[in-house]
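Chemist: One structure, pasted below without further comment.
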Amino acid sequence: MSIAPSPAAGATGTEHDAANAVATAIAATAAAPTPGNEPDPEELASREQIEALQLPRLQATVRHAYENITAYRELYDAHGVSPEDLQTLEDLAKFPFTDKEFLRSAYPFKSFAVPMDQVRRIHASSGTTGRPTVVGYTEGDIDRWATLLARCLRFSGVRPGDIVHNAYGYGLFTGGLGAHYGIEKLGATVIPMSGGQTEKQIQLIQDFQPRVILCTPTYLLALADAFRHRGLDPRESSLEVGVFGAEPWTEEMRHEIEKAFNITACDIYGLSEVMGPGVAGESVQRKDGSTIWEDHFRPEIIDPLTEQVLPMGQHGELVFTTLTKEALPIIRYRTHDLTRLLPGTDRPGHRRMGRITGRSDDMIILRGVNLFPTQIEEIALSIQGLSPHFQLELTRPKHMDQMTVHIERRPETTPEAAQAAGAELAKQIKVKIGSSCQVVVAEPETLARSSGKLRRIYDKRPR
Ligand code: DLL
């Protein structure tokens with residue numbers, strides 16, 4: 001694999017040669033040629049090899065950004081740092097953070113480090129509040145993205161020759177097209193279904209008999225309902241493997257999904273600004289959290305308040321630096337995702353991330369207690385009779401914040417038993433999280449279903 005950024009894109013000849021020398025050395029350690037369904041040499045590299053690869057790639061990326069993107073040059077000049085200050089991986093901590101606002105203020109294309117005629121694709125965030133965040137890819141970026149996606153899929157149990165039903169949304173969202181190219185790269189067959197049109201999804205799954213499905217975890221639950229509506233048992237479908245992401249989900253949700261469809265479920269993580277899906281993927285053998293592909297991304301965990309870098313194992317905010325991106329190099333980008341770093345297992349050179357507990361901007365502060373929807377999911381799914389379909393409504397009667405958990409009972413549970421389960425949920429939320437709340441048990445299939453990322457929080461408190 002050749003290293004990017006290329007010298008033409010801003011890396012010095014020395015950085016480029018150094019990175020290529022390491023990449024070649026890693027390739028030389030591979031025991032045999034690697035066909036599409038075998039791990040590639042960088043995936044199997046040791047921690048030492050990965051770090052040796054990261055430094056020149058990082059230096060090239062910082063130089064590339066500094067020389068070709070005005071916003072980075074201004075930011076670094078204002079902080080008194082320059083690419084020469086990056087002599088070790090630890091030196092990265094000298095550089096300031098970037099965030100969504102940094103990218104938004106470069107709207108639409110000023111964050112690109114290459115001329116527009118080298119940009120082959122644009123994606124953008126939904127931009128529900130204000131301007132969308134625009135991201136761009138060169139041909140090389142798209143190829144590396146597809147390769148990493150294929151790596152994730154293989155790692156999660158997808159094989160060349162599989163038929164893959166891709167229900168991530170196509171369009172400006174990175175999920176659909178990102179996964180699409182990865183499926184093709186792996187040598188599997190893609191059904192480019194996109195999100196929504198649930199009836200049609202069921203029909204195509206029945207007719208095309210895919211072994212693999214890709215979608216958000218909550219959309220898979222909507223598909224399970226739709227199967228049952230048609231009198232079909234989702235456990236009897238052709239699906240055997242699912243790769244789910246784009247929204248936080250818990251181990252309890254993994255069990256729910258695996259049981260509902262009789263499949264094996266793995267996580268896939270990513271964000272548009274850093275690439276899209278495929279920044280990290282999960283081993284089907286271990287199911288022990290997503291492995292971050294550190295030949296392409298350098299993660300850090302910081303304390304969101306003090307901005308200090310935290311050691312391995314401590315919870316905080318995930319920060320990413322890209323190592324090979326040409327069109328949109330990203331340096332120390334604050335994701336707002338809360339998790340922790342863990343040592344590599346199946347791929348010892350690459351660290352893993354724990355499950356995302358939530359986003360710092362989705363944190364509910366309820367009378368002084370911080371909580372995330374994933375905590376409610378975890379508790380609710382441990383109580384018999386309650387379904388994974390719930391919404392959190394926040395109100396402020398009499399100047400006091402109040403949270404109401406609306407949650408559907410399972411169809412096979414009687415309304416009386418579900419009431420008791422609801423009371424148990426309120427009790428356990430009080431004990432485990434420390435918040436009093438109301439629980440309203442709803443009838444099956446009365447709460448909104450997702451066709452992609454599900455909205456869990458309805459905040460009706462006056463501003
Ligand atoms: O959601 C990319 C993606 C598509 C990932 C398909 C996986 C599968 P964005 O729309 O930019 O990109 O949203 C990124 O989604 O910062 C997290 O908050 C959340 N997220 C993504 N994957 C996971 C995951 C795509 N596996 C934001 N677990 C991220 C928890 C996730 N949260």
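Chain labels follow the order of the structure tokens: the first chain is A, the next B, and so on; residue numbering restarts at 1 in every chain, and ligands are counted from 1 in their shown order.
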Within 8 Å of region 239-248 of chain A, counting only C-alpha atoms, which residues qualify if same-chain residues fewer than 6 places away don't, as an MDAnalysis selection string?
Modeler: chainID A and resid 153 156:158 175 209:217 261:271 277 355:358 374 453:454
Chemist: Between A:Met275, A:Ile183, A:Ala18, A:Leu44, single out the one closest to Gly349 (chain A), counting only C-alpha atoms.
Modeler: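 Going through A:Met275, A:Ile183, A:Ala18, A:Leu44 one by one, the smallest distance to Gly349 (chain A) is for A:Leu44.
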Chemist: Can you pull out the residues contacting Pro311 (chain A)? Cut-off 12 Å, using only C-alpha atoms, and skip same-chain residues under 3 positions away; I want them as a PDB file with N, CA, C and O atoms, in the first residue's frame.
Modeler:
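Dumped everything to selection.pdb:
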```pdb
ATOM      1  N   PRO A 299      -5.673   7.775  17.603  1.00  0.00           N
ATOM      2  CA  PRO A 299      -6.672   8.223  18.577  1.00  0.00           C
ATOM      3  C   PRO A 299      -6.031   8.763  19.853  1.00  0.00           C
ATOM      4  O   PRO A 299      -4.910   8.386  20.198  1.00  0.00           O
ATOM      5  N   GLU A 300      -6.740   9.640  20.522  1.00  0.00           N
ATOM      6  CA  GLU A 300      -6.361  10.082  21.874  1.00  0.00           C
ATOM      7  C   GLU A 300      -7.656  10.149  22.681  1.00  0.00           C
ATOM      8  O   GLU A 300      -8.733  10.317  22.103  1.00  0.00           O
ATOM      9  N   ILE A 301      -7.530  10.024  23.994  1.00  0.00           N
ATOM     10  CA  ILE A 301      -8.681  10.267  24.876  1.00  0.00           C
ATOM     11  C   ILE A 301      -8.304  11.454  25.744  1.00  0.00           C
ATOM     12  O   ILE A 301      -7.224  11.472  26.332  1.00  0.00           O
ATOM     13  N   ILE A 302      -9.206  12.446  25.785  1.00  0.00           N
ATOM     14  CA  ILE A 302      -8.908  13.612  26.615  1.00  0.00           C
ATOM     15  C   ILE A 302     -10.009  13.825  27.648  1.00  0.00           C
ATOM     16  O   ILE A 302     -11.141  13.379  27.460  1.00  0.00           O
ATOM     17  N   ASP A 303      -9.649  14.511  28.695  1.00  0.00           N
ATOM     18  CA  ASP A 303     -10.652  14.986  29.638  1.00  0.00           C
ATOM     19  C   ASP A 303     -11.354  16.154  28.934  1.00  0.00           C
ATOM     20  O   ASP A 303     -10.699  17.140  28.579  1.00  0.00           O
ATOM     21  N   GLN A 308      -6.781  17.646  28.951  1.00  0.00           N
ATOM     22  CA  GLN A 308      -5.556  16.861  29.150  1.00  0.00           C
ATOM     23  C   GLN A 308      -5.719  15.474  28.536  1.00  0.00           C
ATOM     24  O   GLN A 308      -6.800  14.895  28.607  1.00  0.00           O
ATOM     25  N   GLN A 314      -8.791   5.002  30.689  1.00  0.00           N
ATOM     26  CA  GLN A 314      -9.622   6.013  31.345  1.00  0.00           C
ATOM     27  C   GLN A 314     -10.671   6.567  30.383  1.00  0.00           C
ATOM     28  O   GLN A 314     -10.407   6.769  29.209  1.00  0.00           O
ATOM     29  N   HIS A 315     -11.852   6.831  30.930  1.00  0.00           N
ATOM     30  CA  HIS A 315     -12.953   7.349  30.110  1.00  0.00           C
ATOM     31  C   HIS A 315     -12.772   8.826  29.816  1.00  0.00           C
ATOM     32  O   HIS A 315     -12.361   9.587  30.680  1.00  0.00           O
ATOM     33  N   GLY A 316     -13.121   9.230  28.623  1.00  0.00           N
ATOM     34  CA  GLY A 316     -13.061  10.636  28.261  1.00  0.00           C
ATOM     35  C   GLY A 316     -13.562  10.817  26.836  1.00  0.00           C
ATOM     36  O   GLY A 316     -14.273   9.950  26.316  1.00  0.00           O
ATOM     37  N   GLU A 317     -13.165  11.915  26.224  1.00  0.00           N
ATOM     38  CA  GLU A 317     -13.633  12.213  24.858  1.00  0.00           C
ATOM     39  C   GLU A 317     -12.608  11.719  23.840  1.00  0.00           C
ATOM     40  O   GLU A 317     -11.405  11.938  23.988  1.00  0.00           O
ATOM     41  N   ARG A 340     -13.314   4.882  26.011  1.00  0.00           N
ATOM     42  CA  ARG A 340     -11.942   4.740  26.505  1.00  0.00           C
ATOM     43  C   ARG A 340     -11.153   3.878  25.526  1.00  0.00           C
ATOM     44  O   ARG A 340     -11.748   3.128  24.741  1.00  0.00           O
ATOM     45  N   LEU A 341      -9.840   3.987  25.589  1.00  0.00           N
ATOM     46  CA  LEU A 341      -8.974   3.170  24.745  1.00  0.00           C
ATOM     47  C   LEU A 341      -8.563   1.926  25.515  1.00  0.00           C
ATOM     48  O   LEU A 341      -8.331   1.981  26.722  1.00  0.00           O
ATOM     49  N   LEU A 342      -8.450   0.823  24.785  1.00  0.00           N
ATOM     50  CA  LEU A 342      -8.064  -0.456  25.391  1.00  0.00           C
ATOM     51  C   LEU A 342      -6.963  -1.065  24.529  1.00  0.00           C
ATOM     52  O   LEU A 342      -6.890  -0.795  23.327  1.00  0.00           O
ATOM     53  N   PRO A 343      -6.127  -1.928  25.125  1.00  0.00           N
ATOM     54  CA  PRO A 343      -5.059  -2.523  24.316  1.00  0.00           C
ATOM     55  C   PRO A 343      -5.616  -3.416  23.209  1.00  0.00           C
ATOM     56  O   PRO A 343      -6.722  -3.938  23.339  1.00  0.00           O
TER      57      PRO A 343
END
```
Chemist: Would you compute the distance between CA of Pro56 (chain A) and CA of Leu149 (chain A)? Give it in Å to one decimal.
Modeler: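 Atom-to-atom, CA of Pro56 (chain A) and CA of Leu149 (chain A) are spaced 23.5 Å apart.
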Chemist: Counting only C-alpha atoms, give me one row per residue of region 94-210 of chain A with an atom at most 12 Å from an atom of region 321-338 of chain A, showing the shortest contact pair and its distance in Å to one decimal, sorted by chain then residue number, as JSON lines.
Modeler:
```
{"residue": "A:Lys94", "atom": "CA", "partner": "A:Arg332", "partner_atom": "CA", "distance": 10.4}
{"residue": "A:Phe95", "atom": "CA", "partner": "A:Arg332", "partner_atom": "CA", "distance": 7.7}
{"residue": "A:Pro96", "atom": "CA", "partner": "A:Arg332", "partner_atom": "CA", "distance": 7.2}
{"residue": "A:Phe97", "atom": "CA", "partner": "A:Arg332", "partner_atom": "CA", "distance": 4.9}
{"residue": "A:Thr98", "atom": "CA", "partner": "A:Tyr333", "partner_atom": "CA", "distance": 4.7}
{"residue": "A:Asp99", "atom": "CA", "partner": "A:Arg334", "partner_atom": "CA", "distance": 5.3}
{"residue": "A:Lys100", "atom": "CA", "partner": "A:Arg334", "partner_atom": "CA", "distance": 7.9}
{"residue": "A:Glu101", "atom": "CA", "partner": "A:Arg334", "partner_atom": "CA", "distance": 10.4}
{"residue": "A:Phe102", "atom": "CA", "partner": "A:Tyr333", "partner_atom": "CA", "distance": 9.4}
{"residue": "A:Leu103", "atom": "CA", "partner": "A:Ile330", "partner_atom": "CA", "distance": 9.5}
{"residue": "A:Ala106", "atom": "CA", "partner": "A:Leu328", "partner_atom": "CA", "distance": 11.5}
{"residue": "A:Phe109", "atom": "CA", "partner": "A:Leu328", "partner_atom": "CA", "distance": 9.6}
{"residue": "A:Lys110", "atom": "CA", "partner": "A:Leu328", "partner_atom": "CA", "distance": 9.8}
{"residue": "A:Ser111", "atom": "CA", "partner": "A:Leu328", "partner_atom": "CA", "distance": 6.5}
{"residue": "A:Phe112", "atom": "CA", "partner": "A:Leu328", "partner_atom": "CA", "distance": 5.2}
{"residue": "A:Ala113", "atom": "CA", "partner": "A:Ala327", "partner_atom": "CA", "distance": 5.2}
{"residue": "A:Val114", "atom": "CA", "partner": "A:Ala327", "partner_atom": "CA", "distance": 5.5}
{"residue": "A:Pro115", "atom": "CA", "partner": "A:Ala327", "partner_atom": "CA", "distance": 8.5}
{"residue": "A:Met116", "atom": "CA", "partner": "A:Ala327", "partner_atom": "CA", "distance": 9.0}
{"residue": "A:Asp117", "atom": "CA", "partner": "A:Ala327", "partner_atom": "CA", "distance": 10.8}
{"residue": "A:Gln118", "atom": "CA", "partner": "A:Ala327", "partner_atom": "CA", "distance": 8.0}
{"residue": "A:Val119", "atom": "CA", "partner": "A:Ala327", "partner_atom": "CA", "distance": 6.7}
{"residue": "A:Arg120", "atom": "CA", "partner": "A:Ala327", "partner_atom": "CA", "distance": 9.4}
{"residue": "A:Arg121", "atom": "CA", "partner": "A:Ala327", "partner_atom": "CA", "distance": 9.8}
{"residue": "A:Ile122", "atom": "CA", "partner": "A:Ala327", "partner_atom": "CA", "distance": 10.2}
{"residue": "A:His123", "atom": "CA", "partner": "A:Leu328", "partner_atom": "CA", "distance": 11.6}
{"residue": "A:Thr133", "atom": "CA", "partner": "A:Leu328", "partner_atom": "CA", "distance": 11.8}
{"residue": "A:Val134", "atom": "CA", "partner": "A:Leu328", "partner_atom": "CA", "distance": 9.8}
{"residue": "A:Val135", "atom": "CA", "partner": "A:Leu328", "partner_atom": "CA", "distance": 6.8}
{"residue": "A:Gly136", "atom": "CA", "partner": "A:Ala327", "partner_atom": "CA", "distance": 5.8}
{"residue": "A:Tyr137", "atom": "CA", "partner": "A:Ala327", "partner_atom": "CA", "distance": 5.2}
{"residue": "A:Thr138", "atom": "CA", "partner": "A:Ala327", "partner_atom": "CA", "distance": 5.7}
{"residue": "A:Glu139", "atom": "CA", "partner": "A:Glu326", "partner_atom": "CA", "distance": 9.2}
{"residue": "A:Gly140", "atom": "CA", "partner": "A:Glu326", "partner_atom": "CA", "distance": 7.6}
{"residue": "A:Asp141", "atom": "CA", "partner": "A:Lys325", "partner_atom": "CA", "distance": 6.0}
{"residue": "A:Ile142", "atom": "CA", "partner": "A:Lys325", "partner_atom": "CA", "distance": 9.5}
{"residue": "A:Asp143", "atom": "CA", "partner": "A:Lys325", "partner_atom": "CA", "distance": 10.8}
{"residue": "A:Arg144", "atom": "CA", "partner": "A:Thr324", "partner_atom": "CA", "distance": 8.5}
{"residue": "A:Trp145", "atom": "CA", "partner": "A:Lys325", "partner_atom": "CA", "distance": 9.5}
{"residue": "A:Leu148", "atom": "CA", "partner": "A:Thr324", "partner_atom": "CA", "distance": 11.9}
```
